[in-house]
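K.L.:
Below is run-v6.txt; it holds compact mmCIF, C-alpha atoms and all ligand atoms.
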# COMPACT_ATOMS: atom_id res chain seq x y z
CA MET A 439 5.52 -39.78 19.48
CA SER A 440 7.56 -38.75 22.54
CA ALA A 441 6.92 -35.35 24.10
CA ALA A 442 9.32 -32.67 22.88
CA PRO A 443 11.59 -31.14 25.53
CA ALA A 444 10.52 -27.72 26.74
CA HIS A 445 11.70 -24.79 24.71
CA PRO A 446 14.38 -22.81 26.55
CA VAL A 447 13.24 -19.36 25.42
CA PRO A 448 10.38 -17.81 27.44
CA LEU A 449 7.60 -17.06 24.96
CA ASP A 450 3.99 -17.77 25.89
CA ILE A 451 3.55 -19.73 22.73
CA GLU A 452 0.01 -20.95 23.36
CA ARG A 453 -1.19 -17.39 23.92
CA LEU A 454 0.63 -16.20 20.80
CA ARG A 455 -0.71 -19.02 18.68
CA ALA A 456 -4.23 -18.07 19.73
CA ASP A 457 -3.64 -14.75 17.93
CA PHE A 458 -3.47 -16.66 14.61
CA PRO A 459 -6.93 -18.11 13.86
CA ILE A 460 -5.68 -20.08 10.87
CA LEU A 461 -3.29 -22.15 13.01
CA SER A 462 -6.07 -23.85 14.96
CA GLN A 463 -7.38 -25.64 11.87
CA ARG A 464 -7.14 -29.33 11.16
CA ILE A 465 -5.79 -30.25 7.74
CA ASN A 466 -6.51 -33.76 6.48
CA GLY A 467 -7.77 -34.64 9.95
CA GLN A 468 -4.55 -33.52 11.69
CA PRO A 469 -3.71 -30.32 13.53
CA LEU A 470 -2.08 -27.94 11.10
CA ALA A 471 1.68 -27.59 11.45
CA TYR A 472 2.44 -24.60 9.25
CA LEU A 473 6.10 -24.80 8.30
CA ASP A 474 5.97 -22.77 5.07
CA ASN A 475 6.57 -19.36 6.57
CA GLY A 476 9.38 -18.56 4.14
CA ALA A 477 6.81 -18.57 1.36
CA SER A 478 4.27 -16.54 3.34
CA ALA A 479 3.71 -16.14 7.07
CA GLN A 480 0.27 -16.20 8.69
CA ARG A 481 -1.48 -13.08 9.96
CA PRO A 482 -2.49 -12.39 13.57
CA LEU A 483 -5.93 -11.06 14.43
CA ALA A 484 -4.39 -7.64 15.04
CA VAL A 485 -3.54 -7.41 11.33
CA ILE A 486 -6.85 -8.82 10.14
CA GLU A 487 -8.72 -6.39 12.40
CA ALA A 488 -6.62 -3.39 11.39
CA GLU A 489 -7.45 -4.00 7.73
CA ARG A 490 -11.08 -4.54 8.60
CA ASN A 491 -11.22 -1.39 10.71
CA TYR A 492 -9.67 0.54 7.82
CA ALA A 493 -12.35 -0.81 5.45
CA GLU A 494 -15.18 -0.18 7.92
CA THR A 495 -14.25 3.29 9.12
CA MET A 496 -11.84 5.14 6.87
CA HIS A 497 -11.53 3.78 3.35
CA ALA A 498 -11.29 6.40 0.58
CA ASN A 499 -8.54 7.31 -1.86
CA VAL A 500 -5.45 8.85 -0.28
CA HIS A 501 -3.83 12.23 -1.08
CA ARG A 502 -6.76 13.21 -3.26
CA GLY A 503 -9.83 14.28 -1.33
CA VAL A 504 -10.72 17.12 1.01
CA HIS A 505 -13.48 15.06 2.60
CA THR A 506 -13.11 13.46 6.00
CA LEU A 507 -12.74 9.87 4.89
CA SER A 508 -10.01 10.71 2.42
CA GLN A 509 -8.15 12.57 5.13
CA ARG A 510 -8.55 9.65 7.53
CA ALA A 511 -7.27 7.23 4.91
CA THR A 512 -4.35 9.54 4.11
CA ASP A 513 -3.48 9.90 7.80
CA ALA A 514 -3.60 6.12 8.30
CA PHE A 515 -1.51 5.48 5.18
CA GLU A 516 1.13 8.04 6.11
CA ALA A 517 1.15 6.84 9.73
CA ALA A 518 1.90 3.38 8.36
CA ARG A 519 4.84 4.82 6.43
CA GLU A 520 6.16 6.43 9.60
CA ARG A 521 5.71 3.09 11.42
CA VAL A 522 7.83 1.38 8.76
CA ARG A 523 10.44 4.14 9.00
CA ARG A 524 10.80 3.60 12.75
CA PHE A 525 10.93 -0.17 12.34
CA ILE A 526 13.80 -0.08 9.86
CA HIS A 527 15.43 3.07 11.31
CA ALA A 528 15.37 5.06 8.08
CA ARG A 529 16.23 8.74 8.46
CA SER A 530 13.06 10.00 6.83
CA THR A 531 9.72 8.80 5.47
CA ARG A 532 10.95 10.15 2.12
CA GLU A 533 13.12 7.03 2.08
CA VAL A 534 10.19 4.61 2.50
CA ILE A 535 8.48 3.69 -0.78
CA PHE A 536 5.45 1.43 -0.68
CA THR A 537 5.51 -1.23 -3.38
CA LYS A 538 3.73 -4.53 -4.07
CA GLY A 539 6.55 -6.45 -2.45
CA THR A 540 10.21 -7.38 -2.68
CA THR A 541 9.97 -8.22 -6.38
CA GLU A 542 8.55 -4.85 -7.30
CA SER A 543 11.04 -3.05 -5.05
CA ILE A 544 13.98 -4.67 -6.84
CA ASN A 545 12.47 -4.01 -10.26
CA LEU A 546 12.04 -0.35 -9.31
CA VAL A 547 15.76 -0.08 -8.57
CA ALA A 548 16.65 -1.94 -11.76
CA HIS A 549 14.56 0.45 -13.86
CA SER A 550 15.07 3.77 -12.17
CA PHE A 551 18.48 3.50 -10.62
CA LEU A 552 20.46 1.06 -12.69
CA ARG A 553 19.32 1.36 -16.29
CA PRO A 554 19.94 5.08 -16.70
CA ARG A 555 23.42 4.71 -15.17
CA VAL A 556 24.96 1.82 -17.06
CA LYS A 557 26.79 1.61 -20.34
CA PRO A 558 27.74 -1.53 -22.29
CA GLY A 559 30.38 -3.43 -20.35
CA ASP A 560 29.38 -2.02 -16.94
CA GLU A 561 28.77 -4.68 -14.31
CA ILE A 562 26.18 -5.66 -11.72
CA LEU A 563 27.41 -8.04 -9.04
CA ILE A 564 25.07 -10.56 -7.40
CA THR A 565 25.68 -13.95 -5.74
CA TRP A 566 24.95 -17.51 -6.69
CA LEU A 567 22.24 -17.95 -4.08
CA GLU A 568 19.83 -15.24 -5.16
CA HIS A 569 16.08 -15.64 -5.53
CA HIS A 570 14.94 -15.13 -9.13
CA ALA A 571 13.58 -11.72 -8.05
CA ASN A 572 17.19 -10.65 -7.52
CA ILE A 573 18.46 -12.19 -10.77
CA VAL A 574 15.96 -11.61 -13.55
CA PRO A 575 15.50 -7.82 -13.17
CA TRP A 576 19.28 -7.47 -13.61
CA GLN A 577 19.30 -9.82 -16.58
CA LEU A 578 16.58 -7.72 -18.19
CA ALA A 579 18.57 -4.57 -17.47
CA CYS A 580 21.67 -6.17 -18.99
CA GLU A 581 19.76 -7.16 -22.13
CA ALA A 582 18.50 -3.61 -22.50
CA THR A 583 21.80 -1.83 -21.84
CA GLY A 584 24.68 -4.15 -22.69
CA ALA A 585 25.72 -4.31 -19.02
CA VAL A 586 27.13 -7.59 -17.71
CA LEU A 587 25.85 -9.65 -14.78
CA LYS A 588 28.63 -11.00 -12.54
CA VAL A 589 27.90 -13.76 -10.05
CA ALA A 590 29.95 -14.33 -6.89
CA PRO A 591 30.32 -18.04 -6.12
CA ILE A 592 29.18 -19.95 -3.04
CA ASP A 593 30.73 -23.05 -1.51
CA ARG A 594 29.26 -26.48 -0.81
CA ASN A 595 27.86 -25.30 2.53
CA GLY A 596 26.00 -22.52 0.79
CA GLU A 597 28.29 -19.77 2.10
CA LEU A 598 29.37 -16.86 -0.02
CA ASP A 599 33.02 -16.93 -1.08
CA LEU A 600 33.88 -13.46 0.18
CA ASP A 601 37.35 -13.42 -1.40
CA ALA A 602 35.85 -14.21 -4.79
CA PHE A 603 33.20 -11.57 -4.19
CA ARG A 604 35.93 -9.03 -3.41
CA ALA A 605 37.84 -10.03 -6.54
CA LEU A 606 34.75 -9.60 -8.69
CA LEU A 607 34.23 -6.02 -7.56
CA SER A 608 35.77 -3.91 -10.29
CA ASP A 609 35.94 -0.38 -11.62
CA ARG A 610 33.04 -1.32 -13.84
CA THR A 611 30.74 -2.48 -11.00
CA ARG A 612 27.77 -0.15 -10.82
CA LEU A 613 25.67 -1.99 -8.23
CA VAL A 614 25.94 -4.91 -5.81
CA ALA A 615 22.64 -6.72 -5.16
CA THR A 616 22.57 -9.60 -2.70
CA ALA A 617 20.16 -11.44 -0.46
CA HIS A 618 20.35 -10.77 3.26
CA VAL A 619 19.16 -14.35 3.86
CA SER A 620 18.94 -17.10 1.23
CA ASN A 621 15.41 -18.46 0.89
CA ALA A 622 16.57 -21.80 -0.52
CA LEU A 623 19.50 -22.60 1.80
CA GLY A 624 18.91 -20.41 4.85
CA THR A 625 22.37 -18.81 4.67
CA VAL A 626 22.68 -15.45 6.40
CA LEU A 627 25.00 -13.42 4.18
CA PRO A 628 27.78 -11.27 5.64
CA VAL A 629 25.97 -8.12 4.62
CA ARG A 630 28.07 -5.72 6.71
CA GLU A 631 31.24 -6.94 5.00
CA ILE A 632 29.53 -6.88 1.61
CA VAL A 633 28.46 -3.26 2.12
CA ALA A 634 31.91 -2.25 3.41
CA LEU A 635 33.72 -3.90 0.47
CA ALA A 636 31.36 -2.37 -2.09
CA HIS A 637 31.43 1.09 -0.53
CA ALA A 638 35.22 1.01 -0.38
CA ARG A 639 35.00 1.04 -4.18
CA GLY A 640 32.16 3.54 -4.27
CA VAL A 641 29.60 0.92 -5.34
CA PRO A 642 26.05 1.15 -3.94
CA VAL A 643 24.40 -1.94 -2.44
CA LEU A 644 20.86 -3.29 -2.63
CA LEU A 645 19.90 -5.92 -0.07
CA ASP A 646 17.02 -8.30 -0.70
CA GLY A 647 15.58 -8.59 2.79
CA ALA A 648 12.57 -10.78 1.98
CA GLN A 649 13.77 -13.61 4.22
CA ALA A 650 15.51 -11.49 6.84
CA ILE A 651 12.80 -9.02 7.80
CA PRO A 652 10.74 -11.41 9.98
CA HIS A 653 13.77 -12.72 11.83
CA PHE A 654 16.15 -9.90 12.78
CA ALA A 655 15.89 -6.28 13.83
CA LEU A 656 16.85 -4.04 10.92
CA ASP A 657 18.69 -0.73 11.10
CA VAL A 658 19.34 0.49 7.57
CA GLN A 659 21.54 3.32 8.86
CA ALA A 660 23.76 1.00 10.89
CA LEU A 661 23.88 -1.43 7.97
CA ASP A 662 24.66 1.51 5.67
CA CYS A 663 22.99 -0.19 2.69
CA ASP A 664 21.69 1.98 -0.14
CA PHE A 665 18.52 0.04 -0.89
CA TYR A 666 16.64 -2.58 1.15
CA ALA A 667 13.65 -4.51 -0.21
CA PHE A 668 11.06 -6.55 1.68
CA SER A 669 7.48 -7.88 1.55
CA GLY A 670 4.68 -7.46 4.09
CA HIS A 671 3.39 -11.00 3.76
CA LYS A 672 6.59 -12.55 5.12
CA LEU A 673 6.34 -10.28 8.17
CA TYR A 674 2.89 -11.51 9.30
CA GLY A 675 1.32 -8.68 7.29
CA PRO A 676 -0.89 -8.52 4.20
CA ASP A 677 0.14 -9.65 0.73
CA GLY A 678 0.39 -7.12 -2.08
CA ILE A 679 2.29 -4.60 0.05
CA GLY A 680 6.03 -4.23 0.44
CA VAL A 681 8.71 -1.65 0.92
CA LEU A 682 11.69 -0.25 -0.84
CA TYR A 683 13.99 1.64 1.47
CA GLY A 684 16.34 3.89 -0.52
CA ARG A 685 18.98 6.37 0.52
CA GLU A 686 17.38 9.76 -0.05
CA SER A 687 20.19 11.22 -2.15
CA LEU A 688 19.97 8.26 -4.54
CA LEU A 689 16.17 8.29 -4.71
CA GLU A 690 16.30 12.02 -5.45
CA SER A 691 18.60 11.38 -8.39
CA MET A 692 16.38 8.68 -9.90
CA PRO A 693 13.61 9.27 -12.46
CA PRO A 694 10.17 7.80 -11.75
CA TRP A 695 9.64 4.33 -13.14
CA GLN A 696 5.88 4.36 -13.56
CA GLY A 697 3.74 7.32 -14.59
CA GLY A 698 0.25 8.10 -13.39
CA GLY A 699 -1.70 9.77 -10.64
CA ASP A 700 -0.10 10.86 -7.37
CA MET A 701 3.47 10.81 -8.70
CA ILE A 702 3.11 14.24 -10.35
CA LEU A 703 2.92 17.86 -9.22
CA SER A 704 1.55 19.16 -12.50
CA VAL A 705 0.85 17.72 -15.92
CA SER A 706 0.55 19.53 -19.20
CA PHE A 707 1.27 18.53 -22.77
CA ALA A 708 4.25 20.84 -22.62
CA GLY A 709 5.74 18.78 -19.82
CA THR A 710 5.14 17.19 -16.44
CA THR A 711 6.77 17.87 -13.11
CA TYR A 712 7.12 15.02 -10.70
CA ASN A 713 6.03 14.85 -7.12
CA GLN A 714 8.51 14.83 -4.24
CA LEU A 715 9.72 11.71 -2.47
CA PRO A 716 8.34 9.21 -1.72
CA PHE A 717 5.30 9.86 -3.92
CA LYS A 718 7.41 10.14 -7.08
CA PHE A 719 7.68 6.35 -7.01
CA GLU A 720 4.08 5.55 -6.07
CA ALA A 721 2.05 6.04 -9.25
CA GLY A 722 -1.63 5.18 -9.01
CA THR A 723 -3.82 4.28 -6.06
CA PRO A 724 -1.64 2.43 -3.57
CA HIS A 725 -2.53 -0.59 -1.42
CA MET A 726 -3.89 1.51 1.44
CA SER A 727 -5.43 -1.22 3.59
CA GLY A 728 -2.26 -3.23 3.03
CA ALA A 729 -0.09 -0.44 4.42
CA VAL A 730 -2.35 -0.17 7.46
CA GLY A 731 -2.15 -3.94 7.93
CA LEU A 732 1.62 -3.88 7.57
CA ALA A 733 1.88 -1.24 10.31
CA ALA A 734 -0.26 -3.45 12.56
CA ALA A 735 2.03 -6.42 11.81
CA ILE A 736 5.05 -4.33 12.78
CA ASP A 737 3.35 -3.30 16.02
CA TYR A 738 2.60 -6.94 16.72
CA VAL A 739 6.13 -8.14 16.05
CA ASP A 740 7.66 -5.27 18.03
CA ALA A 741 5.41 -6.04 21.00
CA ILE A 742 6.88 -9.56 21.15
CA GLY A 743 10.37 -8.28 20.41
CA LEU A 744 12.55 -9.32 17.50
CA ASP A 745 15.30 -10.37 19.90
CA ARG A 746 13.00 -12.88 21.58
CA ILE A 747 11.69 -14.02 18.20
CA ALA A 748 15.26 -14.54 16.96
CA ALA A 749 16.17 -16.53 20.09
CA TRP A 750 13.07 -18.73 19.82
CA GLU A 751 13.67 -19.38 16.14
CA ALA A 752 17.37 -20.10 16.66
CA ASP A 753 16.34 -22.86 19.01
CA LEU A 754 13.79 -24.20 16.52
CA LEU A 755 16.43 -24.22 13.80
CA GLN A 756 18.94 -26.06 15.94
CA TYR A 757 16.31 -28.53 17.14
CA ALA A 758 15.09 -29.21 13.60
CA THR A 759 18.62 -29.57 12.26
CA THR A 760 19.48 -32.13 14.94
CA LYS A 761 16.22 -34.05 14.53
CA LEU A 762 16.33 -34.19 10.75
CA ALA A 763 20.02 -35.08 10.64
CA GLN A 764 19.19 -38.23 12.63
CA ILE A 765 17.01 -39.53 9.80
CA GLU A 766 18.76 -42.12 7.69
CA ASP A 767 19.05 -41.18 3.99
CA LEU A 768 18.27 -37.52 4.71
CA ARG A 769 20.73 -34.83 3.64
CA ILE A 770 20.46 -31.22 4.69
CA ILE A 771 21.08 -28.85 1.78
CA GLY A 772 22.64 -25.65 3.05
CA THR A 773 24.90 -25.99 6.06
CA ALA A 774 26.25 -22.47 6.45
CA ARG A 775 27.54 -21.53 9.91
CA ASP A 776 25.11 -18.65 10.09
CA LYS A 777 21.59 -19.66 9.08
CA ALA A 778 18.13 -18.20 9.53
CA SER A 779 15.16 -20.29 10.48
CA LEU A 780 14.73 -22.76 7.65
CA VAL A 781 15.99 -26.21 6.70
CA SER A 782 16.17 -27.48 3.13
CA PHE A 783 16.67 -31.21 2.74
CA VAL A 784 16.48 -34.18 0.40
CA VAL A 785 15.81 -37.83 1.17
CA ALA A 786 17.50 -40.41 -1.04
CA GLY A 787 14.98 -42.22 -3.20
CA VAL A 788 12.05 -39.89 -2.47
CA HIS A 789 11.25 -36.89 -4.66
CA PRO A 790 10.73 -33.71 -2.61
CA HIS A 791 7.26 -33.30 -4.12
CA ASP A 792 6.31 -36.73 -2.76
CA ILE A 793 7.63 -35.71 0.65
CA GLY A 794 5.52 -32.55 0.51
CA THR A 795 2.41 -34.47 -0.51
CA ILE A 796 2.83 -37.08 2.20
CA LEU A 797 3.52 -34.43 4.83
CA ASP A 798 0.33 -32.68 3.80
CA GLN A 799 -1.56 -35.86 4.68
CA HIS A 800 -0.09 -35.44 8.16
CA GLY A 801 -1.32 -31.84 8.31
CA ILE A 802 2.19 -30.45 7.80
CA ALA A 803 2.73 -27.64 5.27
CA ILE A 804 6.21 -27.30 3.78
CA ARG A 805 7.45 -26.06 0.42
CA THR A 806 9.10 -28.29 -2.18
CA GLY A 807 10.85 -27.51 -5.46
CA HIS A 808 13.57 -25.08 -6.48
CA HIS A 809 12.16 -22.25 -4.34
CA CYS A 810 12.57 -19.73 -7.18
CA ALA A 811 16.33 -20.03 -6.69
CA MET A 812 17.24 -22.47 -9.44
CA PRO A 813 20.96 -21.59 -9.70
CA ALA A 814 21.49 -22.14 -5.96
CA ILE A 815 19.62 -25.44 -5.91
CA GLU A 816 21.39 -26.70 -9.04
CA PHE A 817 24.74 -25.68 -7.59
CA MET A 818 24.02 -27.90 -4.59
CA GLY A 819 23.67 -30.79 -7.03
CA VAL A 820 19.98 -31.52 -6.52
CA PRO A 821 16.96 -30.82 -8.72
CA ALA A 822 14.77 -29.73 -5.83
CA THR A 823 14.53 -29.80 -2.04
CA ALA A 824 11.91 -30.02 0.68
CA ARG A 825 12.02 -26.89 2.83
CA ALA A 826 10.64 -26.39 6.32
CA SER A 827 10.68 -22.71 7.30
CA PHE A 828 9.84 -21.64 10.83
CA ALA A 829 8.10 -18.71 12.47
CA PHE A 830 8.03 -17.83 16.17
CA TYR A 831 4.64 -19.55 16.49
CA ASN A 832 6.14 -22.93 15.62
CA THR A 833 7.07 -25.41 18.31
CA ARG A 834 9.46 -28.25 18.94
CA ALA A 835 6.44 -30.58 19.00
CA GLU A 836 5.67 -29.59 15.40
CA ILE A 837 9.25 -30.37 14.45
CA ASP A 838 8.89 -33.80 16.05
CA ARG A 839 5.84 -34.34 13.86
CA LEU A 840 7.82 -33.18 10.84
CA ALA A 841 10.61 -35.67 11.55
CA ASP A 842 8.15 -38.53 12.14
CA ALA A 843 6.29 -37.75 8.91
CA VAL A 844 9.52 -37.55 6.89
CA ARG A 845 10.48 -40.97 8.29
CA SER A 846 7.17 -42.44 7.23
CA ALA A 847 7.56 -40.91 3.75
CA ARG A 848 11.00 -42.50 3.45
CA ASP A 849 9.64 -45.85 4.64
CA MET A 850 6.87 -45.77 2.01
CA PHE A 851 9.46 -45.52 -0.77
CA ARG A 852 11.91 -48.08 0.55
N1 LIG B 901 10.32 -16.20 -1.64
C1 LIG B 901 9.79 -18.45 -0.96
O1 LIG B 901 9.01 -19.40 -0.80
P1 LIG B 901 7.75 -11.49 -3.20
O2 LIG B 901 7.19 -12.63 -3.98
O3 LIG B 901 7.96 -10.26 -4.05
O4 LIG B 901 7.01 -11.21 -1.94
O5 LIG B 901 9.21 -11.97 -2.70
C2 LIG B 901 10.14 -12.42 -3.62
C3 LIG B 901 11.36 -12.91 -2.93
C4 LIG B 901 12.55 -12.22 -3.10
N2 LIG B 901 13.67 -12.59 -2.45
C5 LIG B 901 13.69 -13.64 -1.62
C6 LIG B 901 14.95 -13.98 -0.90
C7 LIG B 901 12.53 -14.39 -1.42
O6 LIG B 901 12.55 -15.42 -0.58
C8 LIG B 901 11.34 -14.04 -2.10
C9 LIG B 901 10.10 -14.86 -1.97
C10 LIG B 901 9.23 -17.12 -1.39
O7 LIG B 901 10.98 -18.56 -0.74
C11 LIG B 901 8.28 -17.26 -2.53
S1 LIG B 901 9.07 -17.71 -4.04
Just give me the structure of the file as structure tokens.

P.N.:
Amino acid sequence: MSAAPAHPVPLDIERLRADFPILSQRINGQPLAYLDNGASAQRPLAVIEAERNYAETMHANVHRGVHTLSQRATDAFEAARERVRRFIHARSTREVIFTKGTTESINLVAHSFLRPRVKPGDEILITWLEHHANIVPWQLACEATGAVLKVAPIDRNGELDLDAFRALLSDRTRLVATAHVSNALGTVLPVREIVALAHARGVPVLLDGAQAIPHFALDVQALDCDFYAFSGHKLYGPDGIGVLYGRESLLESMPPWQGGGDMILSVSFAGTTYNQLPFKFEAGTPHMSGAVGLAAAIDYVDAIGLDRIAAWEADLLQYATTKLAQIEDLRIIGTARDKASLVSFVVAGVHPHDIGTILDQHGIAIRTGHHCAMPAIEFMGVPATARASFAFYNTRAEIDRLADAVRSARDMFR
């Protein structure tokens, strides 16, 4: 294997990689090349230690106790909320709801925002490249209410047909819900245009930011979206914690979606009054250590700088695209002009699952299958793809190993 050319973006990658203990492992006798970051990114020591410190020094239930530990836990939990607010530039912590992740955030909007507002024949507009988490909650809402799900088409490159999207916006559209970045194809959607077109017709917009949040700086005010959903585990943070950003005026107008402790001000059998934002949407004991870990992940990412991360990853994407395109019989699935840091591909004559299994023998972790985006993958005319998704801790040398291992997989099946 020839040495990869030096990366043009100045990141001290060896020092950064040392922050991620899991990356120094050998898998099947080979150094791990973790290229499955789109499914879940790895955690730096700073996150692991923040969660551990929480457990060792401050764990108790939040918002409930007068004792010192409960106050410490509450302070840490609410400080984490404020950290998220600053990271995404929300106006207020009342707009930051902690959830289990992107999936739960979208379901919350489907239940609390959409269902009470729609009548039979009203429409929800999504796109063809959505993750199932941004399809099925709307299908369930449609089944329950008689609303209709409209789907804006994509083209063969995996780009949204913006004219068709515009044409599908109608007087009956009650919500637009689209990905910010496609997890299956890597397409970065034109979210500013989407928001502008929808708002011009008075339609609110939810953005599924699961695949965007680790790659670009987010300013929900500049973007002017109404809801933004993301997961901690794709942002180098813990699993089981995520965020729903919601515009305060909309959140205020929405009923709670789950009942229980913490989301109430008073309960009697005559009636219950609900707590203020954001607690109205956080029934039950939340994932407190997860929130603390997420705040540590945000600190970590901010210390590197999302601009530098984006530049590093843009180079990785370009390098991987060039390297993989040189492989005979390999076809890249998803060739949008604006892509985030992942490459989906197929190799003629080799099932993606076989590619994934062979790569694993080389110590390389990728994802294979339909990536929970079956309509998008089927539209591209393939049953499944192999997907390499990059984080800032990946290197050109790992991409060289990926390309070499894909070549050997192809050769095995020739
Ligand atoms: N995509 C992937 O390998 P959760 O599971 O709630 O953290 O995220 C769901 C989700 C929603 N939208 C998009 C665009 C996503 O990519 C994901 C998660 C992973 O692509 C696991 S299926």

K.L.:
Contacts of Asn621 of chain A at 8 Å or less, counting only C-alpha atoms, minus same-chain residues fewer than 3 places along, as number ranges by chain?

P.N.:
A: 476, 569, 624-625, 649, 809, 811

K.L.:
Within 8 Å of segment 508-522 of chain A, counting all atoms listed in the file, which residues show up once you throw out same-chain ones fewer than 5 positions away? Write them as an MDAnalysis selection string, please.

P.N.:
chainID A and resid 492 496:503 531 534 536 726:727 729:730 732:733 736

K.L.:
Hey, which residues come within 7 Å of ligand LIG 901 (chain B) if we count all atoms listed in the file? Could you give them as a list in words?

P.N.:
Gly476, Ala477, Ser478, Gly539, Thr540, Thr541, Glu542, Glu568, His569, Ala571, Asn572, Ala617, Val619, Ser620, Asn621, Ala622, Asp646, Gly647, Ala648, Gln649, Ser669, His671, Arg805, His809 and Cys810 of chain A

K.L.:
With C-alpha atoms retained, write the just-selected residues as a short mmCIF file (atom, residue, chain, number, x, y, z; two decimals), keeping the file's coordinate frame.

P.N.:
data_model
loop_
_atom_site.label_atom_id
_atom_site.label_comp_id
_atom_site.auth_asym_id
_atom_site.auth_seq_id
_atom_site.Cartn_x
_atom_site.Cartn_y
_atom_site.Cartn_z
CA GLY A 476 9.38 -18.56 4.14
CA ALA A 477 6.81 -18.57 1.36
CA SER A 478 4.27 -16.54 3.34
CA GLY A 539 6.55 -6.45 -2.45
CA THR A 540 10.21 -7.38 -2.68
CA THR A 541 9.97 -8.22 -6.38
CA GLU A 542 8.55 -4.85 -7.30
CA GLU A 568 19.83 -15.24 -5.16
CA HIS A 569 16.08 -15.64 -5.53
CA ALA A 571 13.58 -11.72 -8.05
CA ASN A 572 17.19 -10.65 -7.52
CA ALA A 617 20.16 -11.44 -0.46
CA VAL A 619 19.16 -14.35 3.86
CA SER A 620 18.94 -17.10 1.23
CA ASN A 621 15.41 -18.46 0.89
CA ALA A 622 16.57 -21.80 -0.52
CA ASP A 646 17.02 -8.30 -0.70
CA GLY A 647 15.58 -8.59 2.79
CA ALA A 648 12.57 -10.78 1.98
CA GLN A 649 13.77 -13.61 4.22
CA SER A 669 7.48 -7.88 1.55
CA HIS A 671 3.39 -11.00 3.76
CA ARG A 805 7.45 -26.06 0.42
CA HIS A 809 12.16 -22.25 -4.34
CA CYS A 810 12.57 -19.73 -7.18
#

K.L.:
Which is closer to Ile747 of chain A than all the others in A:Ala636, A:Leu454, A:Leu644, A:Met812, using only C-alpha atoms?

P.N.:
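Smallest separation from Ile747 of chain A among the options: A:Leu454.
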
K.L.:
List the residues sitting within 12 Å of (12.3, -6.9, 15.7) in the file's frame, using only C-alpha atoms, as a PyMOL selection string.

P.N.:
chain A and resi 522+524-527+650-657+673+735-749+830

K.L.:
A:Leu449, A:Ile702, A:Leu600, A:Ile802: which is nearest Val629 of chain A, counting only C-alpha atoms?

P.N.:
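Result for the nearest residue to Val629 of chain A: A:Leu600.
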
K.L.:
Between atom CA of Trp566 of chain A and atom CA of His618 of chain A, what is the distance, to one decimal in Å?

P.N.:
12.9 Å

K.L.:
Please return, as a PDB file with C-alpha atoms, in the frame of the given file, all polymer residues that have at least one atom within 8 Å of the point (31.3, 0.3, -5.1); use all atoms listed in the file and the file's own coordinate frame.

P.N.:
ATOM      1  CA  LEU A 607      34.230  -6.020  -7.560  1.00  0.00           C
ATOM      2  CA  THR A 611      30.740  -2.480 -11.000  1.00  0.00           C
ATOM      3  CA  ARG A 612      27.770  -0.150 -10.820  1.00  0.00           C
ATOM      4  CA  LEU A 613      25.670  -1.990  -8.230  1.00  0.00           C
ATOM      5  CA  VAL A 614      25.940  -4.910  -5.810  1.00  0.00           C
ATOM      6  CA  LEU A 635      33.720  -3.900   0.470  1.00  0.00           C
ATOM      7  CA  ALA A 636      31.360  -2.370  -2.090  1.00  0.00           C
ATOM      8  CA  HIS A 637      31.430   1.090  -0.530  1.00  0.00           C
ATOM      9  CA  ALA A 638      35.220   1.010  -0.380  1.00  0.00           C
ATOM     10  CA  ARG A 639      35.000   1.040  -4.180  1.00  0.00           C
ATOM     11  CA  GLY A 640      32.160   3.540  -4.270  1.00  0.00           C
ATOM     12  CA  VAL A 641      29.600   0.920  -5.340  1.00  0.00           C
ATOM     13  CA  PRO A 642      26.050   1.150  -3.940  1.00  0.00           C
ATOM     14  CA  VAL A 643      24.400  -1.940  -2.440  1.00  0.00           C
TER      15      VAL A 643
END

K.L.:
Show which residues sit within 8 Å of Pro575 of chain A, as a list in words. Count all atoms listed in the file, and ignore same-chain residues fewer than 3 positions away.

P.N.:
Ile544, Asn545, Ala548, Ala571, Asn572, Leu578 and Ala579 of chain A

K.L.:
For Gly772 of chain A, list every protein, DNA or RNA residue within 7 Å, evaluated using all atoms listed in the file, and leave out those in the same chain fewer than 5 positions away; present the list as an MDAnalysis selection string.

P.N.:
chainID A and resid 595:596 623:624 782

K.L.:
To one decimal place, how far is atom CA of Leu606 of chain A from atom CA of Ala585 of chain A in Å?

P.N.:
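Atom CA of Ala585 of chain A lies at a distance of 14.7 Å from atom CA of Leu606 of chain A.
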
K.L.:
Ranking A:Asp609, A:Asp842, A:Glu836, A:Asp849 by minimum distance to Gly787 of chain A and counting only C-alpha atoms, which one comes first?

P.N.:
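Among the listed residues, A:Asp849 lies closest to Gly787 of chain A.
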
K.L.:
Rounded to one decimal, what separation in Å do you get between atom CA of Leu470 of chain A and atom CA of Val788 of chain A?

P.N.:
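Pair atom CA of Leu470 of chain A / atom CA of Val788 of chain A returns 22.9 Å.
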
K.L.:
Within 8 Å of Gly584 of chain A, counting only C-alpha atoms, which residues show up once you throw out same-chain ones fewer than 3 positions away? Write them as an MDAnalysis selection string, please.

P.N.:
chainID A and resid 557:560 580:581

K.L.:
Just the selected residues (C-alpha atoms), exported as a short mmCIF file (atom, residue, chain, number, x, y, z; two decimals), in the frame of the given file, please.

P.N.:
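Listing of selection16.cif after writing:
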data_model
loop_
_atom_site.label_atom_id
_atom_site.label_comp_id
_atom_site.auth_asym_id
_atom_site.auth_seq_id
_atom_site.Cartn_x
_atom_site.Cartn_y
_atom_site.Cartn_z
CA LYS A 557 26.79 1.61 -20.34
CA PRO A 558 27.74 -1.53 -22.29
CA GLY A 559 30.38 -3.43 -20.35
CA ASP A 560 29.38 -2.02 -16.94
CA CYS A 580 21.67 -6.17 -18.99
CA GLU A 581 19.76 -7.16 -22.13
#
